[in-house]
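Chemist: Can you read through this structure? Questions will come right after.
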Amino acid sequence: MGCTLTFFGMALLVDWDGHTLTPARTLLWLAMTAVLFTILLPQRVTAGPGWLAVRGLVRRQQIRTDALVAVHLYGDLSAHLILRDTDGHRLELDPRTLIANPLLWHELDSGVQRSRERGTLQEGTDALERLRHQIDDATARAVLRASGIY
């Protein structure tokens with residue numbers, strides 16, 4: 001929010017200083033600020049026993065983690081994780097969110113274990129294992145850094 005307000009203020013200031021500020025240009029800067037805000041707004045990821053939800057600016061996606069059918073991990077540098085459940089719901093999120101928040105990962109992992117037990121999870125277990133190793137490595141580094149060893 002702060003970046004977009006700074007952008008809007010600086011754009012108006014430059015236009016005002018150049019004596020080119022008009023109501024139409026103000027509306028243009030406001031529209032560009034709204035687009036920037038939309039791009040920079042992070043998704044809100046929440047989880048609970050058996051569910052995971054992602055809320056963006058416009059829509060909300062929610063899946064049942066205890067009834068997963070497929071998990072796909074795409075990309076390396078700008079990776080995204082796609083989860084599908086038995087109800088046909090689909091959820092997409094950045095795996096860095098799970099790496100940064102081990103409690104979200106724990107809720108997802110608990111649901112994945114229940115999906116495996118029920119036999120609904122048919123594809124994507126290798127992607128989850130790769131993600132599990134990344135999260136374990138990041139957690140270990142954080143613990144070592146906090147203790148002063150790393």
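We label chains A, B, ... in the order they appear in the structure tokens, count residues from 1 in each chain, and number ligands from 1 in the order shown.
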Taking the DSSP secondary structure from the backbone, can you list the residues of range 87-119 of chain A that are strand (DSSP E), as a list in words?

Modeler: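 Matching residues for strand (DSSP E) in range 87-119 of chain A are Arg90, Leu91, Glu92 and Leu93 of chain A.
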
Chemist: Name the residues in contact with Gly50 in chain A at a cut-off of 12 Å, using only C-alpha atoms, excluding same-chain residues fewer than 6 positions from it; report them as a list in words.

Modeler: Gln62, Ile63, Arg64, Thr65, Asp66, Ala67, Leu68, Asp85, Leu104, His106, Glu107, Leu108, Asp109, Ser110, Gly111, Val112, Gln113, Arg114 and Ser115 of chain A

Chemist: Env of Ile135 in chain A: 10 Å cut, atoms = only C-alpha atoms, seq-sep filter 6 positions within chain, self excluded. Answer as a PyMOL selection string.

Modeler: chain A and resi 95-96+98-102+105+129+141

Chemist: Using backbone DSSP assignments, extract all alpha helix (DSSP H) residues from range 22-149 of chain A; output them as an MDAnalysis selection string.

Modeler: chainID A and resid 23:40 95:100 102:118 125:147

Chemist: What does the distance from CA of Gln122 in chain A to CA of Thr139 in chain A come to in Å, to one decimal?

Modeler: 27.8 Å

Chemist: If we count only C-alpha atoms and set the cut-off at 12 Å, which residues sit around Thr6 in chain A, ignoring sequence neighbours fewer than 2 positions away in its own chain? Please answer as a PyMOL selection string.

Modeler: chain A and resi 1-4+8-13+29-30+33+36-37

Chemist: For Gly75 in chain A, which residue among A:Gly56, A:Pro49, A:Asp94, A:Thr20 is the nearest when counting only C-alpha atoms?

Modeler: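 Among the listed residues, the smallest separation from Gly75 in chain A belongs to A:Asp94.
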
Chemist: Using only C-alpha atoms, which of A:Gly48, A:Gly124, A:Gly148, A:Pro42 sits nearest Ile82 in chain A?

Modeler: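 Closest to Ile82 in chain A of all the choices is A:Gly124.
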
Chemist: Out of A:Asp15, A:Leu121, A:Val58, A:Val35, which residue has the shortest atom-to-atom distance to Arg84 in chain A when counting only C-alpha atoms?

Modeler: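 Checking each candidate against Arg84 in chain A, we get A:Leu121 as the closest.
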
Chemist: Restricting the calculation to only C-alpha atoms: of A:Ala127, A:Ala140, A:Leu41, A:Ala24, which residue gets closest to Leu81 in chain A?

Modeler: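 Ranking A:Ala127, A:Ala140, A:Leu41, A:Ala24 by distance to Leu81 in chain A, first place goes to A:Ala127.
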
Chemist: To one decimal place, how far is CA of His72 in chain A from CA of Ala53 in chain A in Å?

Modeler: 16.7 Å
